[in-house]
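The structure under discussion appears below in the form of structure tokens.
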Amino acid sequence: MHIGFLGLGNMGAPMARNLLKAGHRLSVFDLSEAAVAGLVEAGATAAASPAALARTDVELIVSMLPAAAQVKGVYLGADGLIAQVRPGVLLIDSSTIDPLSAREVAAAARAHDNPMLDAPVSGGTGGAAAGTLTFMVGGAAEDFERARPVLAAMGRNIVHCGGAGNGQVAKVANNLLLGISMIGVAEAMSLGVALGMDPQVLAGILNTSSGRCWSSDTYNPFPGVLENAPASRGYSGGFGTDLMLKDLGLASEAAREARQPVFLGALAQQLYQAFSAQGNGALDFSAIINLYRKDAQA
């Protein structure tokens with residue numbers, strides 16, 4: 001299949017590479033010439049612009065962009081994908097944006113006779129490279145089935161969440177919980193160590209007891225507990241603090257629109273805002289534990 005791919009950042013580039021590995025023909029675009037060059041070297045063809053990509057014979061387009069503003073800029077308007085692409089081409093946006101924006105873009109696509117899915121992902125850069133991402137997909141069931149083989153080349157768990165925008169609903173809810181749970185693990189680990197507990201022993205107890213969660217057993221924020229976690233490499237790589245802050249902002253905005261209280265989510269947003277304001281926005285979000293660790297503040 002000839003697939004167009006827009007957005008070759010830390011997530012998009014490995015996702016695109018997995019499509020090439022699966023045997024698909026790929027046309028790509030990104031504002032970074034270096035990112036495009038890396039995919040061209042792997043076998044893709046470069047497009048001069050999103051509009052130019054849309055005017056090729058692509059059968060399906062995937063986008064992975066930073067925020068709703070970029071998604072709307074790429075898809076909408078006279079030079080946007082929707083105006084330029086042939087009717088019938090399936091559009092898949094894997095960016096993480098608010099549900100209302102996803103539904104707005106999907107409605108514009110439908111008006112142009114282009115089916116569209118919102119398909120944000122979970123699994124981080126490691127999952128993107130390994131092809132083990134979780135896709136949370138919103139849109140029509142028949143479009144989901146059409147997209148499934150393509151998504152399967154990039155992910156392991158592919159879930160239809162319902163109508164347009166519901167993939168983003170699932171992602172917002174998931175990352176709201178993730179931000180909150182990471183702060184909870186950071187507090188518990190910091191308290192236990194401050195009271196004299198060995199962090200490895202404490203983590204082992206948490207991970208075999210009722211406090212067990214992904215933030216503890218897979219991504220523990222205390223340095224040295226998990227060899228492959230960002231905490232053991234200076235909080236480099238992984239999922240940045242500013243990205244978590246963005247997602248908590250999306251949750252807060254969605255909650256405002258729905259008139260749904262998110263008490264802990266609002267507090268988590270403020271904690272990550274404070275941590276980012278201290279100059280830590282590029283660190284992995286698990287570095288939030290440094291708000292609690294006395295040795296890290298010294």
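Here's how to read the names in the structure tokens: chain A, B, ... by the order shown, residue numbers from 1 in each chain, ligand numbers from 1 in the order shown.
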
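Surrounding segment 123-131 of chain A within 8 Å are Asn10, Met11, Gly12, Pro14, Met15, Asn18, Ala153, Met154, Gly155, Arg156, Gly238 and Phe239 of chain A, with only C-alpha atoms counted and residues fewer than 5 positions along the same chain left out.
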
Just list the residues in segment 163-241 of chain A DSSP gives alpha helix (DSSP H) on the backbone, as a PyMOL selection string. chain A and resi 166-194+199-206+214-217+241

Among segment 68-224 of chain A, which residues carry a DSSP assignment of strand (DSSP E or B), reported as a VMD selection string? chain A and resid 90 to 93 116 to 118 121 to 122 133 to 138 155 to 162

Those selected residues, please, written with N, CA, C and O atoms and delivered as a PDB file, in the first residue's frame.
ATOM      1  N   LEU A  90      -8.237   7.255   3.157  1.00  0.00           N
ATOM      2  CA  LEU A  90      -8.431   7.179   4.602  1.00  0.00           C
ATOM      3  C   LEU A  90      -7.381   8.013   5.316  1.00  0.00           C
ATOM      4  O   LEU A  90      -6.181   7.899   5.041  1.00  0.00           O
ATOM      5  N   LEU A  91      -7.821   8.845   6.243  1.00  0.00           N
ATOM      6  CA  LEU A  91      -6.943   9.710   7.019  1.00  0.00           C
ATOM      7  C   LEU A  91      -6.896   9.226   8.462  1.00  0.00           C
ATOM      8  O   LEU A  91      -7.939   8.962   9.062  1.00  0.00           O
ATOM      9  N   ILE A  92      -5.686   9.106   9.010  1.00  0.00           N
ATOM     10  CA  ILE A  92      -5.505   8.650  10.387  1.00  0.00           C
ATOM     11  C   ILE A  92      -4.610   9.645  11.109  1.00  0.00           C
ATOM     12  O   ILE A  92      -3.448   9.836  10.734  1.00  0.00           O
ATOM     13  N   ASP A  93      -5.133  10.282  12.130  1.00  0.00           N
ATOM     14  CA  ASP A  93      -4.318  11.201  12.923  1.00  0.00           C
ATOM     15  C   ASP A  93      -3.975  10.557  14.258  1.00  0.00           C
ATOM     16  O   ASP A  93      -4.855  10.279  15.065  1.00  0.00           O
ATOM     17  N   MET A 116     -12.098   9.323   8.296  1.00  0.00           N
ATOM     18  CA  MET A 116     -10.998   9.731   9.171  1.00  0.00           C
ATOM     19  C   MET A 116     -11.116   9.063  10.516  1.00  0.00           C
ATOM     20  O   MET A 116     -12.212   8.899  11.059  1.00  0.00           O
ATOM     21  N   LEU A 117      -9.967   8.691  11.053  1.00  0.00           N
ATOM     22  CA  LEU A 117      -9.861   8.101  12.384  1.00  0.00           C
ATOM     23  C   LEU A 117      -8.929   8.938  13.239  1.00  0.00           C
ATOM     24  O   LEU A 117      -7.896   9.419  12.751  1.00  0.00           O
ATOM     25  N   ASP A 118      -9.276   9.141  14.501  1.00  0.00           N
ATOM     26  CA  ASP A 118      -8.300   9.634  15.465  1.00  0.00           C
ATOM     27  C   ASP A 118      -7.729   8.406  16.160  1.00  0.00           C
ATOM     28  O   ASP A 118      -8.478   7.563  16.645  1.00  0.00           O
ATOM     29  N   VAL A 121      -1.721   7.214  20.506  1.00  0.00           N
ATOM     30  CA  VAL A 121      -1.006   6.010  20.920  1.00  0.00           C
ATOM     31  C   VAL A 121      -0.525   6.108  22.359  1.00  0.00           C
ATOM     32  O   VAL A 121      -0.383   7.186  22.923  1.00  0.00           O
ATOM     33  N   SER A 122      -0.255   4.946  22.920  1.00  0.00           N
ATOM     34  CA  SER A 122       0.410   4.828  24.212  1.00  0.00           C
ATOM     35  C   SER A 122       1.521   3.801  24.056  1.00  0.00           C
ATOM     36  O   SER A 122       1.386   2.847  23.291  1.00  0.00           O
ATOM     37  N   LEU A 133       3.067  -0.409  20.121  1.00  0.00           N
ATOM     38  CA  LEU A 133       2.205   0.649  20.617  1.00  0.00           C
ATOM     39  C   LEU A 133       0.773   0.157  20.839  1.00  0.00           C
ATOM     40  O   LEU A 133       0.329  -0.803  20.215  1.00  0.00           O
ATOM     41  N   THR A 134       0.070   0.838  21.711  1.00  0.00           N
ATOM     42  CA  THR A 134      -1.382   0.699  21.819  1.00  0.00           C
ATOM     43  C   THR A 134      -2.021   1.847  21.039  1.00  0.00           C
ATOM     44  O   THR A 134      -1.655   3.010  21.233  1.00  0.00           O
ATOM     45  N   PHE A 135      -2.938   1.513  20.140  1.00  0.00           N
ATOM     46  CA  PHE A 135      -3.689   2.529  19.398  1.00  0.00           C
ATOM     47  C   PHE A 135      -5.096   2.596  19.964  1.00  0.00           C
ATOM     48  O   PHE A 135      -5.792   1.577  20.048  1.00  0.00           O
ATOM     49  N   MET A 136      -5.525   3.783  20.339  1.00  0.00           N
ATOM     50  CA  MET A 136      -6.890   4.042  20.806  1.00  0.00           C
ATOM     51  C   MET A 136      -7.605   4.762  19.671  1.00  0.00           C
ATOM     52  O   MET A 136      -7.270   5.912  19.370  1.00  0.00           O
ATOM     53  N   VAL A 137      -8.549   4.108  19.040  1.00  0.00           N
ATOM     54  CA  VAL A 137      -9.052   4.569  17.744  1.00  0.00           C
ATOM     55  C   VAL A 137     -10.511   5.004  17.831  1.00  0.00           C
ATOM     56  O   VAL A 137     -11.382   4.258  18.294  1.00  0.00           O
ATOM     57  N   GLY A 138     -10.770   6.210  17.336  1.00  0.00           N
ATOM     58  CA  GLY A 138     -12.123   6.719  17.228  1.00  0.00           C
ATOM     59  C   GLY A 138     -12.518   6.872  15.771  1.00  0.00           C
ATOM     60  O   GLY A 138     -11.715   7.306  14.941  1.00  0.00           O
ATOM     61  N   GLY A 155       1.756  -1.264  15.911  1.00  0.00           N
ATOM     62  CA  GLY A 155       1.326  -1.490  17.279  1.00  0.00           C
ATOM     63  C   GLY A 155       0.876  -2.905  17.537  1.00  0.00           C
ATOM     64  O   GLY A 155       0.654  -3.693  16.611  1.00  0.00           O
ATOM     65  N   ARG A 156       0.711  -3.224  18.802  1.00  0.00           N
ATOM     66  CA  ARG A 156       0.322  -4.572  19.214  1.00  0.00           C
ATOM     67  C   ARG A 156      -1.124  -4.621  19.699  1.00  0.00           C
ATOM     68  O   ARG A 156      -1.826  -5.598  19.488  1.00  0.00           O
ATOM     69  N   ASN A 157      -1.561  -3.560  20.339  1.00  0.00           N
ATOM     70  CA  ASN A 157      -2.902  -3.518  20.919  1.00  0.00           C
ATOM     71  C   ASN A 157      -3.690  -2.415  20.220  1.00  0.00           C
ATOM     72  O   ASN A 157      -3.385  -1.229  20.379  1.00  0.00           O
ATOM     73  N   ILE A 158      -4.690  -2.786  19.436  1.00  0.00           N
ATOM     74  CA  ILE A 158      -5.428  -1.834  18.607  1.00  0.00           C
ATOM     75  C   ILE A 158      -6.894  -1.909  19.026  1.00  0.00           C
ATOM     76  O   ILE A 158      -7.550  -2.927  18.813  1.00  0.00           O
ATOM     77  N   VAL A 159      -7.395  -0.826  19.615  1.00  0.00           N
ATOM     78  CA  VAL A 159      -8.708  -0.846  20.255  1.00  0.00           C
ATOM     79  C   VAL A 159      -9.624   0.184  19.613  1.00  0.00           C
ATOM     80  O   VAL A 159      -9.279   1.368  19.518  1.00  0.00           O
ATOM     81  N   HIS A 160     -10.802  -0.269  19.182  1.00  0.00           N
ATOM     82  CA  HIS A 160     -11.807   0.662  18.682  1.00  0.00           C
ATOM     83  C   HIS A 160     -12.574   1.223  19.871  1.00  0.00           C
ATOM     84  O   HIS A 160     -13.210   0.484  20.616  1.00  0.00           O
ATOM     85  N   CYS A 161     -12.536   2.545  20.031  1.00  0.00           N
ATOM     86  CA  CYS A 161     -13.109   3.188  21.212  1.00  0.00           C
ATOM     87  C   CYS A 161     -14.486   3.785  20.960  1.00  0.00           C
ATOM     88  O   CYS A 161     -15.096   4.327  21.887  1.00  0.00           O
ATOM     89  N   GLY A 162     -14.963   3.692  19.716  1.00  0.00           N
ATOM     90  CA  GLY A 162     -16.260   4.277  19.397  1.00  0.00           C
ATOM     91  C   GLY A 162     -16.134   5.307  18.299  1.00  0.00           C
ATOM     92  O   GLY A 162     -15.242   5.224  17.451  1.00  0.00           O
TER      93      GLY A 162
END

Write out as a VMD selection string each polymer residue whose atoms come within 9 Å of segment 207-222 of chain A, counting only C-alpha atoms; drop sequence neighbours fewer than 2 positions from it. chain A and resid 178 181 to 186 189 to 190 199 to 200 202 to 205 224 to 226 228 to 232 235 285 to 289

Dump N, CA, C and O atoms for the selected residues as a compact mmCIF listing (two decimals), in the first residue's frame?
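Output below, filename selection.txt:
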# COMPACT_ATOMS: atom_id res chain seq x y z
N LEU A 178 -2.22 8.49 34.37
CA LEU A 178 -0.78 8.26 34.41
C LEU A 178 -0.07 9.37 35.17
O LEU A 178 0.82 9.12 35.99
N SER A 181 -0.89 8.94 38.86
CA SER A 181 -0.29 7.75 39.48
C SER A 181 1.22 7.92 39.64
O SER A 181 1.80 7.45 40.62
N MET A 182 1.88 8.61 38.69
CA MET A 182 3.31 8.81 38.82
C MET A 182 3.63 9.69 40.03
O MET A 182 4.61 9.43 40.76
N ILE A 183 2.80 10.69 40.27
CA ILE A 183 3.01 11.52 41.45
C ILE A 183 2.80 10.69 42.71
O ILE A 183 3.56 10.81 43.69
N GLY A 184 1.80 9.82 42.72
CA GLY A 184 1.56 8.96 43.88
C GLY A 184 2.74 8.05 44.17
O GLY A 184 3.15 7.89 45.33
N VAL A 185 3.30 7.44 43.12
CA VAL A 185 4.47 6.57 43.31
C VAL A 185 5.66 7.39 43.79
O VAL A 185 6.42 6.95 44.66
N ALA A 186 5.84 8.58 43.21
CA ALA A 186 6.95 9.45 43.63
C ALA A 186 6.85 9.78 45.12
O ALA A 186 7.85 9.74 45.85
N MET A 189 7.52 6.42 47.21
CA MET A 189 8.93 6.03 47.19
C MET A 189 9.77 7.01 48.01
O MET A 189 10.65 6.59 48.78
N SER A 190 9.49 8.30 47.85
CA SER A 190 10.28 9.30 48.58
C SER A 190 10.07 9.19 50.08
O SER A 190 11.01 9.32 50.87
N PRO A 199 15.26 1.53 48.50
CA PRO A 199 14.30 1.73 47.42
C PRO A 199 13.99 0.46 46.63
O PRO A 199 12.85 0.27 46.19
N GLN A 200 14.97 -0.41 46.45
CA GLN A 200 14.72 -1.66 45.73
C GLN A 200 13.73 -2.54 46.50
O GLN A 200 12.81 -3.13 45.92
N LEU A 202 11.58 -1.56 48.82
CA LEU A 202 10.28 -0.90 48.86
C LEU A 202 9.53 -1.08 47.55
O LEU A 202 8.34 -1.41 47.55
N ALA A 203 10.22 -0.89 46.43
CA ALA A 203 9.58 -1.07 45.13
C ALA A 203 9.09 -2.51 44.96
O ALA A 203 8.00 -2.74 44.43
N GLY A 204 9.87 -3.47 45.43
CA GLY A 204 9.46 -4.85 45.34
C GLY A 204 8.18 -5.13 46.12
O GLY A 204 7.32 -5.90 45.67
N ILE A 205 8.06 -4.48 47.27
CA ILE A 205 6.84 -4.66 48.08
C ILE A 205 5.65 -4.00 47.38
O ILE A 205 4.57 -4.60 47.27
N GLY A 224 17.79 3.85 39.89
CA GLY A 224 18.42 2.58 40.22
C GLY A 224 17.46 1.44 40.50
O GLY A 224 17.90 0.28 40.57
N VAL A 225 16.18 1.72 40.62
CA VAL A 225 15.22 0.65 40.91
C VAL A 225 15.00 -0.22 39.68
O VAL A 225 15.00 -1.46 39.77
N LEU A 226 14.82 0.40 38.53
CA LEU A 226 14.63 -0.32 37.27
C LEU A 226 15.71 0.11 36.29
O LEU A 226 15.79 1.29 35.93
N ASN A 228 16.13 -0.17 33.12
CA ASN A 228 15.77 0.39 31.82
C ASN A 228 14.83 1.60 31.89
O ASN A 228 14.42 2.12 30.86
N ALA A 229 14.50 2.04 33.08
CA ALA A 229 13.61 3.19 33.22
C ALA A 229 14.41 4.49 33.08
O ALA A 229 15.61 4.54 33.38
N PRO A 230 13.77 5.57 32.63
CA PRO A 230 14.48 6.85 32.51
C PRO A 230 15.12 7.31 33.81
O PRO A 230 16.14 8.01 33.78
N ALA A 231 14.56 6.93 34.95
CA ALA A 231 15.14 7.34 36.23
C ALA A 231 16.56 6.85 36.40
O ALA A 231 17.35 7.45 37.14
N SER A 232 16.93 5.77 35.73
CA SER A 232 18.28 5.21 35.85
C SER A 232 19.22 5.73 34.78
O SER A 232 20.36 5.27 34.68
N TYR A 235 16.89 10.59 33.77
CA TYR A 235 15.58 11.03 33.27
C TYR A 235 15.63 11.55 31.83
O TYR A 235 14.86 12.41 31.44
N PHE A 285 8.88 12.64 32.45
CA PHE A 285 7.89 13.06 33.44
C PHE A 285 8.06 12.39 34.79
O PHE A 285 7.59 12.91 35.81
N SER A 286 8.73 11.23 34.83
CA SER A 286 8.95 10.57 36.12
C SER A 286 9.92 11.35 37.02
O SER A 286 9.99 11.10 38.22
N ALA A 287 10.62 12.32 36.44
CA ALA A 287 11.53 13.17 37.23
C ALA A 287 10.76 14.05 38.21
O ALA A 287 11.38 14.71 39.06
N ILE A 288 9.43 14.03 38.15
CA ILE A 288 8.62 14.77 39.12
C ILE A 288 8.96 14.35 40.54
O ILE A 288 8.74 15.11 41.50
N ILE A 289 9.56 13.19 40.71
CA ILE A 289 9.97 12.74 42.05
C ILE A 289 10.99 13.69 42.66
O ILE A 289 11.13 13.77 43.89

If we count only C-alpha atoms, what is near segment 270-279 of chain A at a cut-off of 9 Å, once residues fewer than 4 positions away on the same chain are taken out, given as a list of chain:residue names? A:Gly179, A:Ile183, A:Thr241, A:Asp242, A:Met244, A:Leu245, A:Leu248, A:Gly265, A:Ala266, A:Leu283, A:Phe285, A:Ala287, A:Ile288, A:Asn290, A:Leu291

Quick check, in Å to one decimal: how far apart do atom CA of Lys72 of chain A and atom CA of Asn280 of chain A lie? 28.7 Å

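Counting from atom CA of Ala46 of chain A, the distance to atom CA of Pro149 of chain A is 23.5 Å.
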